[in-house]
Each structure stands twice: as C-alpha cells, then as structure tokens.
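J.: Contents of run11.cif (mmCIF, C-alpha atoms) are below:
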data_start
#
loop_
_atom_site.label_atom_id
_atom_site.label_comp_id
_atom_site.auth_asym_id
_atom_site.auth_seq_id
_atom_site.Cartn_x
_atom_site.Cartn_y
_atom_site.Cartn_z
CA MET A 225 0.49 15.54 27.16
CA SER A 226 -1.39 18.00 24.99
CA THR A 227 -2.47 16.75 21.59
CA ASP A 228 -1.32 20.13 20.25
CA LEU A 229 2.21 18.73 20.31
CA PHE A 230 1.23 16.41 17.45
CA ASP A 231 -0.45 19.14 15.41
CA LEU A 232 1.00 19.65 11.91
CA THR A 233 -1.30 22.48 10.84
CA GLY A 234 0.53 24.83 8.48
CA LYS A 235 3.30 22.29 7.85
CA VAL A 236 4.28 20.72 4.54
CA ALA A 237 5.46 17.11 4.47
CA LEU A 238 7.19 15.39 1.56
CA VAL A 239 6.86 11.61 1.59
CA THR A 240 8.73 9.43 -0.89
CA GLY A 241 7.25 6.07 -1.73
CA GLY A 242 4.12 7.83 -0.59
CA SER A 243 1.48 6.27 -2.82
CA ARG A 244 1.26 2.84 -1.19
CA GLY A 245 2.24 0.75 1.81
CA LEU A 246 3.63 2.50 4.85
CA GLY A 247 4.13 5.70 2.87
CA ARG A 248 0.43 5.91 2.12
CA GLU A 249 -0.44 5.48 5.79
CA ILE A 250 2.03 8.21 6.76
CA VAL A 251 0.61 10.59 4.14
CA LEU A 252 -2.93 10.08 5.42
CA GLY A 253 -1.82 10.34 9.03
CA PHE A 254 0.01 13.60 8.43
CA ALA A 255 -2.94 15.03 6.50
CA ALA A 256 -5.26 14.11 9.37
CA ALA A 257 -2.90 16.01 11.69
CA GLY A 258 -3.22 19.12 9.49
CA ALA A 259 -0.29 18.91 7.10
CA ASP A 260 -0.27 19.55 3.37
CA VAL A 261 1.65 16.83 1.57
CA VAL A 262 3.89 16.18 -1.40
CA ILE A 263 3.33 12.59 -2.50
CA ALA A 264 6.22 11.17 -4.51
CA SER A 265 6.62 7.79 -6.15
CA ARG A 266 7.54 6.38 -9.53
CA LYS A 267 3.87 6.02 -10.55
CA LEU A 268 2.16 9.38 -10.98
CA ASP A 269 -1.32 7.91 -11.33
CA ALA A 270 -1.11 6.27 -7.91
CA CYS A 271 0.09 9.54 -6.40
CA GLU A 272 -2.81 11.38 -8.01
CA VAL A 273 -5.38 8.96 -6.59
CA LEU A 274 -4.02 9.44 -3.07
CA ALA A 275 -3.79 13.21 -3.58
CA LYS A 276 -7.53 13.29 -4.20
CA GLU A 277 -8.11 11.47 -0.91
CA VAL A 278 -5.96 14.03 0.90
CA GLU A 279 -7.78 16.93 -0.74
CA ALA A 280 -11.09 15.39 0.34
CA MET A 281 -9.76 15.73 3.89
CA GLY A 282 -9.41 19.48 3.37
CA ARG A 283 -5.64 19.50 2.85
CA LYS A 284 -3.51 20.36 -0.17
CA ALA A 285 -1.60 17.64 -1.99
CA LEU A 286 1.00 17.67 -4.75
CA PRO A 287 1.51 14.36 -6.60
CA VAL A 288 4.96 14.02 -8.19
CA ALA A 289 6.47 11.21 -10.23
CA ALA A 290 10.08 10.72 -9.12
CA HIS A 291 12.61 7.90 -9.02
CA VAL A 292 14.70 8.75 -5.97
CA GLY A 293 17.53 6.53 -7.19
CA HIS A 294 18.18 9.14 -9.90
CA TRP A 295 20.16 12.15 -8.68
CA ASP A 296 18.58 14.66 -11.07
CA GLU A 297 15.04 13.53 -10.27
CA CYS A 298 15.67 14.18 -6.57
CA ALA A 299 16.64 17.76 -7.35
CA ALA A 300 13.57 18.19 -9.57
CA LEU A 301 11.32 16.82 -6.84
CA VAL A 302 12.71 19.32 -4.34
CA GLU A 303 12.19 22.21 -6.75
CA GLN A 304 8.59 21.20 -7.44
CA ALA A 305 7.84 20.97 -3.73
CA TYR A 306 9.31 24.38 -2.92
CA THR A 307 7.72 26.00 -5.97
CA ALA A 308 4.29 24.71 -4.93
CA PHE A 309 4.46 25.36 -1.20
CA GLY A 310 7.45 27.60 -0.53
CA HIS A 311 8.77 25.38 2.25
CA VAL A 312 9.10 21.76 3.38
CA ASP A 313 8.91 21.13 7.11
CA VAL A 314 9.00 17.34 7.17
CA LEU A 315 10.85 14.96 4.84
CA VAL A 316 10.07 11.26 5.06
CA ASN A 317 12.60 9.16 3.14
CA ASN A 318 10.34 6.14 2.83
CA ALA A 319 10.92 4.88 -0.72
CA GLY A 320 12.67 1.54 -0.76
CA MET A 321 13.07 -1.79 -2.51
CA SER A 322 14.18 -5.16 -1.14
CA PRO A 323 14.47 -7.72 -3.93
CA LEU A 324 15.76 -11.15 -3.03
CA ALA A 325 19.12 -12.01 -4.62
CA PRO A 326 20.02 -15.57 -5.72
CA SER A 327 23.14 -15.34 -3.53
CA SER A 328 25.80 -12.75 -2.77
CA ALA A 329 28.07 -14.11 -5.49
CA GLU A 330 25.26 -14.10 -8.05
CA THR A 331 24.04 -10.58 -7.26
CA SER A 332 24.27 -8.56 -10.46
CA GLU A 333 25.76 -5.09 -10.60
CA GLU A 334 22.43 -3.79 -11.92
CA LEU A 335 20.53 -5.17 -8.92
CA PHE A 336 23.16 -3.90 -6.51
CA ASP A 337 23.07 -0.39 -7.97
CA LYS A 338 19.27 -0.25 -7.98
CA VAL A 339 19.00 -1.30 -4.34
CA ILE A 340 21.68 1.12 -3.19
CA GLY A 341 20.22 3.90 -5.33
CA VAL A 342 16.69 3.75 -3.96
CA ASN A 343 17.51 2.87 -0.35
CA PHE A 344 20.55 5.07 0.23
CA LYS A 345 21.50 7.40 -2.63
CA GLY A 346 18.03 8.93 -2.83
CA PRO A 347 17.68 9.61 0.89
CA PHE A 348 21.20 11.03 0.95
CA ARG A 349 20.46 13.44 -1.87
CA LEU A 350 17.02 14.48 -0.65
CA GLY A 351 18.17 14.74 2.96
CA SER A 352 21.08 16.91 1.88
CA LEU A 353 19.09 19.24 -0.37
CA ILE A 354 16.09 19.67 1.90
CA GLY A 355 18.10 19.51 5.12
CA GLN A 356 20.26 22.41 3.96
CA ARG A 357 17.17 24.49 3.12
CA MET A 358 15.59 23.63 6.45
CA HIS A 359 18.79 24.58 8.22
CA GLU A 360 18.94 27.95 6.49
CA GLY A 361 15.22 28.52 7.14
CA ASP A 362 12.90 27.68 10.02
CA GLY A 363 14.17 24.17 10.69
CA GLY A 364 12.28 20.92 10.27
CA SER A 365 12.29 17.17 10.72
CA ILE A 366 13.76 14.43 8.53
CA ILE A 367 12.60 10.86 9.06
CA ASN A 368 14.62 8.09 7.44
CA VAL A 369 12.47 4.97 7.20
CA SER A 370 14.91 2.11 7.64
CA SER A 371 14.40 -1.59 8.20
CA SER A 372 15.00 -4.34 10.70
CA GLY A 373 17.00 -5.84 7.83
CA ALA A 374 19.86 -3.57 8.84
CA LEU A 375 19.73 -4.77 12.45
CA PHE A 376 19.04 -8.45 11.72
CA PRO A 377 20.69 -9.00 8.31
CA THR A 378 20.36 -12.32 6.52
CA PRO A 379 21.84 -13.87 3.37
CA ARG A 380 20.33 -12.93 -0.02
CA PHE A 381 19.57 -9.43 1.26
CA GLY A 382 23.15 -8.16 1.39
CA PRO A 383 22.77 -4.96 -0.68
CA TYR A 384 19.48 -4.10 1.06
CA ALA A 385 20.82 -4.69 4.55
CA GLY A 386 23.94 -2.70 3.72
CA ALA A 387 21.96 0.18 2.23
CA LYS A 388 19.67 0.41 5.24
CA ALA A 389 22.64 0.26 7.61
CA ALA A 390 24.16 3.13 5.64
CA LEU A 391 20.85 4.99 5.97
CA ASN A 392 21.02 4.54 9.74
CA ALA A 393 24.49 6.08 9.71
CA LEU A 394 23.29 8.91 7.48
CA THR A 395 20.76 9.86 10.16
CA THR A 396 23.62 10.63 12.54
CA VAL A 397 25.52 12.57 9.88
CA LEU A 398 22.60 14.81 8.96
CA ALA A 399 21.47 15.24 12.58
CA LEU A 400 24.89 16.66 13.43
CA GLU A 401 25.37 18.61 10.21
CA TYR A 402 22.05 20.45 10.34
CA ALA A 403 21.76 20.83 14.11
CA PRO A 404 20.23 22.30 16.12
CA ASN A 405 17.10 23.38 14.24
CA VAL A 406 16.75 20.30 12.01
CA ARG A 407 15.99 17.02 13.73
CA VAL A 408 16.90 13.81 11.89
CA ASN A 409 15.82 10.38 13.09
CA THR A 410 15.51 6.79 11.91
CA LEU A 411 12.23 4.93 12.02
CA SER A 412 13.30 1.29 11.79
CA ALA A 413 10.31 -0.67 10.50
CA GLY A 414 9.84 -4.38 10.98
CA PRO A 415 7.41 -6.72 9.20
CA PHE A 416 4.19 -5.03 8.12
CA LEU A 417 1.21 -6.36 6.19
CA THR A 418 1.65 -4.08 3.17
CA ASP A 419 1.30 -5.23 -0.44
CA ILE A 420 4.75 -6.84 -0.16
CA ALA A 421 3.26 -9.31 2.31
CA LYS A 422 1.14 -10.79 -0.48
CA HIS A 423 4.21 -12.80 -1.47
CA TRP A 424 4.92 -14.09 2.04
CA PRO A 425 4.20 -17.67 3.10
CA GLU A 426 0.74 -17.85 4.69
CA PRO A 427 2.02 -18.53 8.25
CA SER A 428 4.12 -15.34 8.15
CA LYS A 429 0.98 -13.30 7.57
CA ARG A 430 -0.34 -14.42 10.97
CA THR A 431 2.64 -15.01 13.24
CA TRP A 432 6.18 -13.68 13.54
CA LYS A 433 9.28 -14.21 15.65
CA ASN A 434 8.89 -11.07 17.71
CA ALA A 435 7.51 -10.12 21.12
CA ALA A 436 4.18 -9.15 19.59
CA GLY A 437 3.94 -12.54 17.89
CA ARG A 438 2.62 -11.02 14.65
CA PRO A 439 3.42 -8.67 11.78
CA GLY A 440 2.24 -5.08 12.06
CA ASN A 441 -0.80 -3.54 10.43
CA PRO A 442 0.17 -0.52 8.28
CA PRO A 443 -1.72 2.09 10.38
CA GLU A 444 0.48 1.10 13.34
CA ILE A 445 3.39 3.00 11.79
CA VAL A 446 1.60 6.34 11.93
CA SER A 447 1.90 7.26 15.59
CA THR A 448 5.70 6.95 15.57
CA ALA A 449 6.01 8.88 12.31
CA LEU A 450 3.74 11.58 13.70
CA TYR A 451 5.79 11.77 16.88
CA LEU A 452 9.02 12.25 14.91
CA ALA A 453 7.46 14.81 12.56
CA SER A 454 5.88 16.97 15.24
CA PRO A 455 6.95 19.16 18.17
CA ALA A 456 6.26 16.17 20.42
CA SER A 457 9.81 14.97 19.63
CA SER A 458 11.53 18.34 20.10
CA TYR A 459 14.42 16.75 22.04
CA THR A 460 14.74 13.64 19.88
CA THR A 461 17.36 13.72 17.12
CA GLY A 462 20.00 11.34 15.84
CA SER A 463 17.90 8.50 17.24
CA LEU A 464 16.74 5.14 15.92
CA ILE A 465 13.26 4.03 16.96
CA ARG A 466 12.29 0.44 16.26
CA VAL A 467 8.69 -0.28 15.24
CA ASP A 468 8.98 -4.00 14.71
CA GLY A 469 6.93 -5.68 17.42
CA GLY A 470 10.06 -6.57 19.37
CA LEU A 471 12.06 -8.58 16.86
CA HIS A 472 14.74 -10.79 18.34
#
Rewrite the structure from the file as structure tokens, please.
T.:
Amino acid sequence: MSTDLFDLTGKVALVTGGSRGLGREIVLGFAAAGADVVIASRKLDACEVLAKEVEAMGRKALPVAAHVGHWDECAALVEQAYTAFGHVDVLVNNAGMSPLAPSSAETSEELFDKVIGVNFKGPFRLGSLIGQRMHEGDGGSIINVSSSGALFPTPRFGPYAGAKAALNALTTVLALEYAPNVRVNTLSAGPFLTDIAKHWPEPSKRTWKNAAGRPGNPPEIVSTALYLASPASSYTTGSLIRVDGGLH
C-alpha cells in the first residue's frame, strides 16, 4: 500500500487533550504526516510548549486553552480553529478524565457531571459543530478516543464507563448523520504508559491481563489514529477499533 494514503499534507487536525499523553503523541504523529494542528487543553502553557515543537517540524500550530466540558468553550474553540485555518479536516476527541469514585452510592453530583461533561458532552458538542461544517464543506474525519473501560466496565468507574459507552454510541450517530463525506470512528484505547500510569501499582507498569502481556507505549497509538485520519481508511466509518493489546 502506498504511503501516500497516510499523507496529511494540507490538512488541519484539531486534537483535544492534545498537550500530553496520547493526545500529544497524536499531535506529533499528525504533524510528522504533514498536518497543521490545533492543540487544545485546559492548560495553555502546555499547549504552547508543544506548539513550538510542531513548528520546529515545519508545520503550523495553534495552541488553545479550552475546557471541553463547557458548552460555550467548545464553540469558541471551533471559531478559533476556523478563523486561524479556514477549515478543519480531522477532529480527535481525545480529552478525558477517569477519576476513581469511592463507590457508586458515594459518587457526588459534581464528580458525575465533570466526568460526563469532559468524556461525552464535549465530544458531542465538538463533533456536532465541526461535523456539520465538514458535511457542508469538503468532508473530513472524526476520531472519538474511547476506552476499554466502556467494554470492560468495573465498579468505582461507573460515570466514566457510562460516558465512554455513550461516546461509542455517538460515533454511530454522527457517522450516519454526516455521511457519506464525513467518516466517524471510535479508537478504543486500553492501558497506556502515559502520565496517568505514574499512579499505578508497579506490577501494572510491566504486565497486564491482555494478549500482549503489557501496557502500551504512547507512540503505539499513532498508527491507528493516522489510519483513521487519512485516506487509508476511506471505507471505514461507524467502526470501533480496539488498541488495547488484546484485553480479555
């Protein structure tokens, strides 16, 4: 297969939660493939540092501070992206949070609302706003970064598992609503050695209950994200692709 299928030259990608973890790897991977990027997260300074790295690669980068759990900030983020670049070809809904709750009964309304806001409300709003513009324009690709937590839910993660399951369903909704020129897919991520892993028990940093027998290294997310963002996946939409080392 020609590597041209994975070329993102001339494309603009917006990545939420883009300043660290898997989002950072996706930003750098897209830039290496030729894309200009909008890097969004709650911390502007972190976005600015990564933007400089992208610019050093010869690409353009727009750092934006945005809390995707806030409806109005999603709209402002979209406007900034389109004002700067005129179009968005790839949206990666990567921002997320997965705090551990004491129990389902002891989960506070504030915690519940925060988890649902970041993991589902934000992607819904951004996917709707940008998806509609893509649909009315030259098309594009939306990648919803979900979690194995939706497929293998456990106690104390109820709101997170529910939000990610809702995100999986949203992929189908948007794929149908903005068809045929907008492709929408779910990238279901498993355990990765991002900064979150610093709080894991030491054994979990080396081994995992999956076919690979280990957690993933952050760069291992890039190839699947690049596939979904690029013409290589021209006939893939409404799909869920697991990148979790074969969890079971």
J.: What does the structure give for the distance between CA of Thr240 in chain A and CA of His294 in chain A, in Å to one decimal?
T.: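 Value for the CA of Thr240 in chain A-CA of His294 in chain A distance: 13.1 Å.
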J.: At what distance in Å, to one decimal, does CA of Glu333 in chain A lie from CA of Val316 in chain A?
T.: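 A separation of 27.5 Å between them.
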J.: Show me, as CSV, the residues of range 376-423 of chain A having an atom within 10 Å of range 242-265 of chain A, each with the closest atom pair and its distance in Å, using all atoms listed in the file.
T.:
residue,atom,partner,partner_atom,distance
A:Ala413,CA,A:Leu246,CA,9.3
A:Phe416,CA,A:Leu246,CA,8.2
A:Leu417,CA,A:Gly245,CA,8.4
A:Thr418,CA,A:Gly245,CA,5.1
A:Asp419,CA,A:Gly245,CA,6.5
A:Ile420,CA,A:Gly245,CA,8.2
J.: Mind telling me what the PyMOL selection byres ((chain A and resi 336) around 10) catches here, as a list in words?
T.: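 Checking the PyMOL selection byres ((chain A and resi 336) around 10) against this file, the residues are Pro323, Ala325, Ser328, Thr331, Ser332, Glu333, Glu334, Leu335, Asp337, Lys338, Val339, Ile340, Gly341, Gly382, Pro383, Tyr384 and Ala387 of chain A.
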J.: Hey, can you spit out that residue selection with C-alpha atoms as a tab-separated table (two decimals), in the coordinates of the input?
T.:
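File written: result_1.tsv
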chain	number	residue	atom	x	y	z
A	323	PRO	CA	14.47	-7.72	-3.93
A	325	ALA	CA	19.12	-12.01	-4.62
A	328	SER	CA	25.80	-12.75	-2.77
A	331	THR	CA	24.04	-10.58	-7.26
A	332	SER	CA	24.27	-8.56	-10.46
A	333	GLU	CA	25.76	-5.09	-10.60
A	334	GLU	CA	22.43	-3.79	-11.92
A	335	LEU	CA	20.53	-5.17	-8.92
A	337	ASP	CA	23.07	-0.39	-7.97
A	338	LYS	CA	19.27	-0.25	-7.98
A	339	VAL	CA	19.00	-1.30	-4.34
A	340	ILE	CA	21.68	1.12	-3.19
A	341	GLY	CA	20.22	3.90	-5.33
A	382	GLY	CA	23.15	-8.16	1.39
A	383	PRO	CA	22.77	-4.96	-0.68
A	384	TYR	CA	19.48	-4.10	1.06
A	387	ALA	CA	21.96	0.18	2.23
J.: Expand the PyMOL selection byres ((chain A and resi 405) around 8) into the explicit residue set it covers here, and present it as a compact mmCIF listing (two decimals) with C-alpha atoms, in the frame of the given file.
T.:
# COMPACT_ATOMS: atom_id res chain seq x y z
CA MET A 358 15.59 23.63 6.45
CA HIS A 359 18.79 24.58 8.22
CA ASP A 362 12.90 27.68 10.02
CA GLY A 363 14.17 24.17 10.69
CA GLY A 364 12.28 20.92 10.27
CA TYR A 402 22.05 20.45 10.34
CA ALA A 403 21.76 20.83 14.11
CA PRO A 404 20.23 22.30 16.12
CA VAL A 406 16.75 20.30 12.01
CA ARG A 407 15.99 17.02 13.73
J.: Take CA of Tyr451 in chain A and CA of Ala285 in chain A and report the distance between them in Å, one decimal.
T.: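 Going from CA of Tyr451 in chain A over to CA of Ala285 in chain A covers 21.1 Å.
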J.: If the PyMOL selection byres ((chain A and resi 369) around 8) were run on this exact file, what residues would it hold? Put them as a PyMOL selection string.
T.: chain A and resi 316-318+367-368+370-371+410-413
J.: Could you please take those selected residues and save C-alpha atoms as a short mmCIF file (atom, residue, chain, number, x, y, z; two decimals), keeping the file's coordinate frame?
T.:
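Writing done, so here's out-v2.cif:
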data_model
loop_
_atom_site.label_atom_id
_atom_site.label_comp_id
_atom_site.auth_asym_id
_atom_site.auth_seq_id
_atom_site.Cartn_x
_atom_site.Cartn_y
_atom_site.Cartn_z
CA VAL A 316 10.07 11.26 5.06
CA ASN A 317 12.60 9.16 3.14
CA ASN A 318 10.34 6.14 2.83
CA ILE A 367 12.60 10.86 9.06
CA ASN A 368 14.62 8.09 7.44
CA SER A 370 14.91 2.11 7.64
CA SER A 371 14.40 -1.59 8.20
CA THR A 410 15.51 6.79 11.91
CA LEU A 411 12.23 4.93 12.02
CA SER A 412 13.30 1.29 11.79
CA ALA A 413 10.31 -0.67 10.50
#
J.: Find the residue from A:Ala329, A:Val278, A:Val236, A:Leu464 that sits nearest to Ala389 in chain A; use all atoms listed in the file when measuring.
T.: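 Looking only at the distances to Ala389 in chain A, the closest residue turns out to be A:Leu464.
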J.: I'd like to know which of A:Ala308, A:Val273, A:Ala449, A:Val397 is closest to Val239 in chain A, using all atoms listed in the file.
T.: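 Closest to Val239 in chain A of all the choices is A:Ala449.
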J.: The centre and edge lengths of an axis-aligned box containing all atoms of range 293-297 of chain A present in the file, extended by 4 Å on each side, are to be given in Å to one decimal, as AutoDock Vina command-line options.
T.:
--center_x 17.6 --center_y 10.6 --center_z -9.1 --size_x 13.1 --size_y 16.1 --size_z 11.9
J.: Looking at A:Ala290, A:Arg380, A:Pro442, A:Glu277, which one is nearest to Leu324 in chain A, with distances taken over only C-alpha atoms?
T.: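 Of all the options, A:Arg380 lies closest to Leu324 in chain A.
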J.: Residues at most 12 Å from Gly437 in chain A, counting only C-alpha atoms, excluding those fewer than 6 positions away in the same chain, as a ChimeraX atom specification?
T.: /A:415,427-431,468-472
J.: Given the choices A:Phe381, A:Phe348, A:Trp432, A:Phe376, which gets closest to Leu398 in chain A if the distance is worked out from all atoms listed in the file?
T.: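 Once distances to Leu398 in chain A are computed over all atoms listed in the file, the minimum belongs to A:Phe348.
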J.: Which of these, A:Lys433, A:His311, A:Lys284, A:Lys235, has the shortest distance to Ala453 in chain A once you count only C-alpha atoms?
T.: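 Smallest separation from Ala453 in chain A among the options: A:Lys235.
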J.: Skip range 298-305 of chain A itself and residues of its chain fewer than 3 positions away, then list as a PyMOL selection string all residues within 8 Å of it, counting only C-alpha atoms.
T.: chain A and resi 238+262+264+286+288+290-295+308-312+346+349-350+353-354
J.: So, counting all atoms listed in the file, which residue among A:Ala385, A:Val314, A:Gly282, A:Ser463 is closest to Leu400 in chain A?
T.: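 The shortest atom-to-atom distance to Leu400 in chain A comes from A:Ser463.
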